[in-house]
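**Student:** Below is the file upload24.cif, which contains mmCIF, C-alpha atoms; chains and numbers go by the auth columns.
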data_run
loop_
_atom_site.group_PDB
_atom_site.id
_atom_site.type_symbol
_atom_site.label_atom_id
_atom_site.label_comp_id
_atom_site.label_asym_id
_atom_site.label_seq_id
_atom_site.Cartn_x
_atom_site.Cartn_y
_atom_site.Cartn_z
_atom_site.B_iso_or_equiv
_atom_site.auth_seq_id
_atom_site.auth_asym_id
ATOM 1 C CA MET A 1 56.980 -5.883 -3.125 0.00 78 A
ATOM 2 C CA THR A 2 53.487 -5.356 -4.337 0.00 79 A
ATOM 3 C CA ALA A 3 50.600 -7.734 -3.704 0.00 80 A
ATOM 4 C CA GLY A 4 48.992 -7.706 -7.206 0.00 81 A
ATOM 5 C CA PRO A 5 50.068 -8.987 -10.569 0.00 82 A
ATOM 6 C CA PRO A 6 52.760 -7.092 -12.424 0.00 83 A
ATOM 7 C CA PRO A 7 51.574 -4.298 -14.711 0.00 84 A
ATOM 8 C CA PRO A 8 51.211 -5.161 -18.396 0.00 85 A
ATOM 9 C CA PRO A 9 54.064 -4.255 -20.693 0.00 86 A
ATOM 10 C CA PRO A 10 53.727 -0.915 -22.451 0.00 87 A
ATOM 11 C CA GLY A 11 51.568 -0.901 -25.580 0.00 88 A
ATOM 12 C CA GLN A 12 49.308 -3.820 -24.537 0.00 89 A
ATOM 13 C CA PRO A 13 45.783 -3.266 -23.245 0.00 90 A
ATOM 14 C CA ASP A 14 44.858 -4.285 -19.739 0.00 91 A
ATOM 15 C CA GLN A 15 43.687 -7.862 -19.446 0.00 92 A
ATOM 16 C CA PRO A 16 41.160 -8.888 -16.850 0.00 93 A
ATOM 17 C CA GLY A 17 42.756 -10.516 -13.876 0.00 94 A
ATOM 18 C CA TRP A 18 41.693 -12.458 -10.846 0.00 95 A
ATOM 19 C CA GLY A 19 41.137 -9.394 -8.787 0.00 96 A
ATOM 20 C CA GLN A 20 38.132 -8.065 -10.778 0.00 97 A
ATOM 21 C CA ALA A 21 34.807 -7.475 -9.126 0.00 98 A
ATOM 22 C CA PRO A 22 31.981 -9.849 -10.064 0.00 99 A
ATOM 23 C CA PRO A 23 29.366 -8.568 -12.513 0.00 100 A
ATOM 24 C CA PRO A 24 26.079 -7.229 -11.205 0.00 101 A
ATOM 25 C CA PRO A 25 23.334 -9.829 -10.659 0.00 102 A
ATOM 26 C CA GLY A 26 21.430 -10.885 -13.770 0.00 103 A
ATOM 27 C CA GLN A 27 24.252 -10.042 -16.186 0.00 104 A
ATOM 28 C CA PRO A 28 26.650 -12.506 -17.742 0.00 105 A
ATOM 29 C CA PRO A 29 30.240 -12.428 -16.625 0.00 106 A
ATOM 30 C CA PRO A 30 32.624 -10.437 -18.834 0.00 107 A
ATOM 31 C CA GLY A 31 33.977 -12.383 -21.766 0.00 108 A
ATOM 32 C CA TRP A 32 30.933 -14.561 -21.908 0.00 109 A
ATOM 33 C CA GLY A 33 28.403 -13.989 -24.655 0.00 110 A
ATOM 34 C CA GLN A 34 24.814 -14.998 -24.748 0.00 111 A
ATOM 35 C CA GLN A 35 24.257 -18.696 -25.162 0.00 112 A
ATOM 36 C CA PRO A 36 23.098 -19.546 -28.646 0.00 113 A
ATOM 37 C CA PRO A 37 19.465 -20.518 -28.871 0.00 114 A
ATOM 38 C CA PRO A 38 18.892 -24.267 -28.889 0.00 115 A
ATOM 39 C CA GLN A 39 18.886 -25.788 -32.338 0.00 116 A
ATOM 40 C CA TYR A 40 15.750 -27.614 -33.233 0.00 117 A
ATOM 41 C CA TYR A 41 15.989 -30.304 -35.796 0.00 118 A
ATOM 42 C CA GLY A 42 13.063 -31.396 -37.890 0.00 119 A
ATOM 43 C CA PRO A 43 11.281 -34.613 -37.089 0.00 120 A
ATOM 44 C CA TYR A 44 13.228 -37.751 -37.749 0.00 121 A
ATOM 45 C CA ALA A 45 12.424 -39.485 -40.993 0.00 122 A
ATOM 46 C CA GLU A 46 10.348 -42.576 -40.441 0.00 123 A
ATOM 47 C CA PRO A 47 12.025 -45.812 -41.395 0.00 124 A
ATOM 48 C CA PRO A 48 10.487 -47.434 -44.458 0.00 125 A
ATOM 49 C CA LYS A 49 7.587 -49.736 -43.683 0.00 126 A
ATOM 50 C CA THR A 50 7.039 -53.174 -45.143 0.00 127 A
ATOM 51 C CA ASP A 51 3.995 -53.408 -47.387 0.00 128 A
ATOM 52 C CA GLY A 52 1.299 -55.466 -45.677 0.00 129 A
ATOM 53 C CA SER A 53 0.138 -57.118 -48.890 0.00 130 A
ATOM 54 C CA ALA A 54 3.680 -58.419 -49.481 0.00 131 A
ATOM 55 C CA ILE A 55 3.644 -60.067 -46.063 0.00 132 A
ATOM 56 C CA ALA A 56 0.164 -61.491 -46.675 0.00 133 A
ATOM 57 C CA ALA A 57 1.247 -62.812 -50.070 0.00 134 A
ATOM 58 C CA LEU A 58 4.200 -64.621 -48.523 0.00 135 A
ATOM 59 C CA VAL A 59 2.064 -66.114 -45.741 0.00 136 A
ATOM 60 C CA LEU A 60 -0.547 -67.319 -48.245 0.00 137 A
ATOM 61 C CA ALA A 61 2.104 -68.712 -50.588 0.00 138 A
ATOM 62 C CA ILE A 62 3.633 -70.762 -47.784 0.00 139 A
ATOM 63 C CA GLY A 63 0.191 -71.783 -46.523 0.00 140 A
ATOM 64 C CA SER A 64 -0.788 -72.955 -49.992 0.00 141 A
ATOM 65 C CA PHE A 65 1.385 -76.029 -49.476 0.00 142 A
ATOM 66 C CA VAL A 66 -0.872 -77.082 -46.612 0.00 143 A
ATOM 67 C CA VAL A 67 -4.394 -75.854 -47.406 0.00 144 A
ATOM 68 C CA CYS A 68 -6.086 -75.355 -50.802 0.00 145 A
ATOM 69 C CA PRO A 69 -2.904 -75.439 -52.884 0.00 146 A
ATOM 70 C CA VAL A 70 -4.045 -73.785 -56.096 0.00 147 A
ATOM 71 C CA VAL A 71 -6.556 -71.341 -54.606 0.00 148 A
ATOM 72 C CA LEU A 72 -4.202 -69.832 -52.026 0.00 149 A
ATOM 73 C CA ALA A 73 -1.344 -69.782 -54.532 0.00 150 A
ATOM 74 C CA ILE A 74 -3.431 -67.751 -57.001 0.00 151 A
ATOM 75 C CA VAL A 75 -4.505 -65.322 -54.271 0.00 152 A
ATOM 76 C CA ALA A 76 -0.856 -64.997 -53.230 0.00 153 A
ATOM 77 C CA LEU A 77 0.118 -64.220 -56.842 0.00 154 A
ATOM 78 C CA VAL A 78 -2.469 -61.443 -57.034 0.00 155 A
ATOM 79 C CA LEU A 79 -1.357 -59.976 -53.687 0.00 156 A
ATOM 80 C CA ALA A 80 2.309 -60.183 -54.683 0.00 157 A
ATOM 81 C CA SER A 81 1.604 -58.349 -57.926 0.00 158 A
ATOM 82 C CA ASN A 82 -0.335 -55.614 -56.096 0.00 159 A
ATOM 83 C CA ALA A 83 2.419 -55.333 -53.491 0.00 160 A
ATOM 84 C CA LYS A 84 5.066 -54.801 -56.175 0.00 161 A
ATOM 85 C CA LYS A 85 2.967 -52.038 -57.736 0.00 162 A
ATOM 86 C CA ASN A 86 2.385 -50.353 -54.359 0.00 163 A
ATOM 87 C CA ILE A 87 6.075 -50.521 -53.465 0.00 164 A
ATOM 88 C CA ALA A 88 7.131 -49.082 -56.820 0.00 165 A
ATOM 89 C CA ALA A 89 4.599 -46.232 -56.499 0.00 166 A
ATOM 90 C CA SER A 90 5.561 -45.396 -52.901 0.00 167 A
ATOM 91 C CA GLY A 91 8.808 -43.672 -53.787 0.00 168 A
ATOM 92 C CA GLY A 92 10.863 -45.579 -51.212 0.00 169 A
ATOM 93 C CA THR A 93 8.499 -45.294 -48.249 0.00 170 A
ATOM 94 C CA LEU A 94 7.436 -48.943 -48.567 0.00 171 A
ATOM 95 C CA THR A 95 9.685 -51.981 -48.641 0.00 172 A
ATOM 96 C CA GLY A 96 9.031 -55.680 -49.098 0.00 173 A
ATOM 97 C CA GLU A 97 9.711 -56.140 -52.792 0.00 174 A
ATOM 98 C CA SER A 98 11.785 -59.225 -52.022 0.00 175 A
ATOM 99 C CA LEU A 99 8.924 -60.671 -49.959 0.00 176 A
ATOM 100 C CA ALA A 100 6.544 -60.182 -52.876 0.00 177 A
ATOM 101 C CA GLN A 101 9.034 -61.728 -55.275 0.00 178 A
ATOM 102 C CA VAL A 102 9.552 -64.788 -53.067 0.00 179 A
ATOM 103 C CA ALA A 103 5.788 -65.139 -52.636 0.00 180 A
ATOM 104 C CA GLY A 104 5.378 -65.171 -56.414 0.00 181 A
ATOM 105 C CA ILE A 105 8.089 -67.805 -56.837 0.00 182 A
ATOM 106 C CA ILE A 106 6.626 -70.028 -54.113 0.00 183 A
ATOM 107 C CA SER A 107 3.146 -69.670 -55.616 0.00 184 A
ATOM 108 C CA TRP A 108 4.317 -70.644 -59.101 0.00 185 A
ATOM 109 C CA VAL A 109 6.206 -73.641 -57.698 0.00 186 A
ATOM 110 C CA ASN A 110 3.073 -74.684 -55.829 0.00 187 A
ATOM 111 C CA ILE A 111 0.887 -74.320 -58.929 0.00 188 A
ATOM 112 C CA GLY A 112 3.440 -76.256 -60.984 0.00 189 A
ATOM 113 C CA LEU A 113 3.521 -79.086 -58.457 0.00 190 A
ATOM 114 C CA ALA A 114 -0.292 -79.198 -58.368 0.00 191 A
ATOM 115 C CA VAL A 115 -0.484 -79.379 -62.175 0.00 192 A
ATOM 116 C CA LEU A 116 2.215 -82.053 -62.193 0.00 193 A
ATOM 117 C CA GLY A 117 0.257 -84.046 -59.610 0.00 194 A
ATOM 118 C CA VAL A 118 -2.954 -83.833 -61.635 0.00 195 A
ATOM 119 C CA VAL A 119 -1.148 -84.917 -64.818 0.00 196 A
ATOM 120 C CA LEU A 120 0.459 -87.830 -62.953 0.00 197 A
ATOM 121 C CA ILE A 121 -2.906 -88.948 -61.589 0.00 198 A
ATOM 122 C CA ILE A 122 -4.457 -88.780 -65.069 0.00 199 A
ATOM 123 C CA ILE A 123 -1.599 -90.845 -66.496 0.00 200 A
ATOM 124 C CA LEU A 124 -1.913 -93.449 -63.727 0.00 201 A
ATOM 125 C CA VAL A 125 -5.692 -93.709 -64.201 0.00 202 A
ATOM 126 C CA ALA A 126 -5.229 -94.069 -67.979 0.00 203 A
ATOM 127 C CA ILE A 127 -2.635 -96.805 -67.487 0.00 204 A
ATOM 128 C CA GLY A 128 -4.873 -98.551 -64.980 0.00 205 A
ATOM 129 C CA ALA A 129 -7.891 -98.410 -67.295 0.00 206 A
ATOM 130 C CA SER A 130 -5.980 -99.731 -70.279 0.00 207 A
ATOM 131 C CA THR A 131 -4.565 -102.825 -68.585 0.00 208 A
ATOM 132 C CA ASP A 132 -6.357 -106.106 -68.021 0.00 209 A
ATOM 133 C CA ASN A 133 -8.140 -105.921 -64.689 0.00 210 A
ATOM 134 C CA ASP A 134 -7.928 -109.682 -64.303 0.00 211 A
ATOM 135 C CA ALA A 135 -4.203 -109.942 -64.789 0.00 212 A
ATOM 136 C CA LEU A 136 -3.824 -112.179 -61.744 0.00 213 A
ATOM 137 C CA GLY A 137 -6.821 -114.337 -62.545 0.00 214 A
ATOM 138 C CA LEU A 138 -8.566 -113.488 -59.281 0.00 215 A
ATOM 139 C CA LEU A 139 -11.885 -112.389 -60.720 0.00 216 A
ATOM 140 C CA THR A 140 -12.571 -115.423 -62.954 0.00 217 A
ATOM 141 C CA PRO A 141 -13.387 -117.977 -60.224 0.00 218 A
ATOM 142 C CA ALA A 142 -15.659 -115.517 -58.423 0.00 219 A
ATOM 143 C CA LEU A 143 -17.711 -114.851 -61.528 0.00 220 A
ATOM 144 C CA ALA A 144 -18.097 -118.486 -62.461 0.00 221 A
#
The structure given in the file should be rewritten as structure tokens.

**Tutor:**
Amino acid sequence: MTAGPPPPPPGQPDQPGWGQAPPPPGQPPPGWGQQPPPQYYGPYAEPPKTDGSAIAALVLAIGSFVVCPVVLAIVALVLASNAKKNIAASGGTLTGESLAQVAGIISWVNIGLAVLGVVLIIILVAIGASTDNDALGLLTPALA
């Protein structure tokens, strides 16, 4: 018996076996090609950023219920309008259109409530001025 693998059948080329000598230093082993160069991908796309004026508009719209109702609401309306324009012109790089829309709605509600309050106060003052101030008869004895 022989010590090596059996010879290949006739008509087939020799295949490398376990008994081959290692390649010279610095060369890749047979059957192995060069490694492909590393693939470099472009920079990752930045996620869209929220427009700062949309955030400011929302903060001012909410704050207008606490401090300077009409003034802050009007400023919030202007900021919300500018934010919508900036977002539309950005081509998708800015977000926050919903924030600007909510800020506008809150501002209009605040302005509406302020106008309603002023009208109610005017009506109450008009009713108070048109009624008899001495309806209970309290002022007559003091004036006499």

**Student:** What's the separation between CA of Ala177 in chain A and CA of Leu156 in chain A, in Å to one decimal place?

**Tutor:** 7.9 Å

**Student:** Between A:Ala133, A:Val196, A:Val143, A:Leu154, which has the minimum distance to Ile183 in chain A (counting only C-alpha atoms)?

**Tutor:**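 Result for the nearest residue to Ile183 in chain A: A:Leu154.
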
**Student:** Ranking A:Thr170, A:Asn187, A:Asn163, A:Gln116 by minimum distance to Ala150 in chain A and counting only C-alpha atoms, which one comes first?

**Tutor:**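 Distance minimum relative to Ala150 in chain A lands on A:Asn187.
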
**Student:** Between CA of Gly168 in chain A and CA of Ala153 in chain A, what is the spacing in Å?

**Tutor:** 23.4 Å

**Student:** List as a list in words the protein and nucleic acid residues near Lys126 in chain A, meaning an atom at most 12 Å away when all atoms listed in the file are counted, but skip any in the same chain fewer than 4 places from it.

**Tutor:**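 That gives Ala122, Ser130, Ala131, Ile132, Asn163, Ile164, Ser167, Gly168, Gly169, Thr170, Leu171, Thr172, Gly173 and Glu174 of chain A.
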
**Student:** Find the residue from A:Ala203, A:Ala134, A:Val192, A:Leu197 that sits nearest to Ile151 in chain A; use all atoms listed in the file when measuring.

**Tutor:**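 The answer is A:Ala134, which sits nearest to Ile151 in chain A.
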
**Student:** Quick check, in Å to one decimal: how far apart do CA of Leu135 in chain A and CA of Leu176 in chain A lie?

**Tutor:**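 Value for the CA of Leu135 in chain A-CA of Leu176 in chain A distance: 6.3 Å.
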
**Student:** Pick out the closest residue to Ala138 in chain A from this set: A:Val152, A:Leu190, A:Leu201, A:Ala160. Count all atoms listed in the file.

**Tutor:**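 Result for the nearest residue to Ala138 in chain A: A:Val152.
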
**Student:** Do you know which residues are at most 8 Å from Ala191 in chain A counting all atoms listed in the file, after dropping those on the same chain fewer than 4 positions away, and could you put them as a PDB file with C-alpha atoms, in the coordinates of the input?

**Tutor:**
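Okay, part_36.pdb is ready:
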ATOM      1  CA  PRO A 146      -2.904 -75.439 -52.884  1.00  0.00           C
ATOM      2  CA  VAL A 147      -4.045 -73.785 -56.096  1.00  0.00           C
ATOM      3  CA  ASN A 187       3.073 -74.684 -55.829  1.00  0.00           C
ATOM      4  CA  VAL A 195      -2.954 -83.833 -61.635  1.00  0.00           C
TER       5      VAL A 195
END
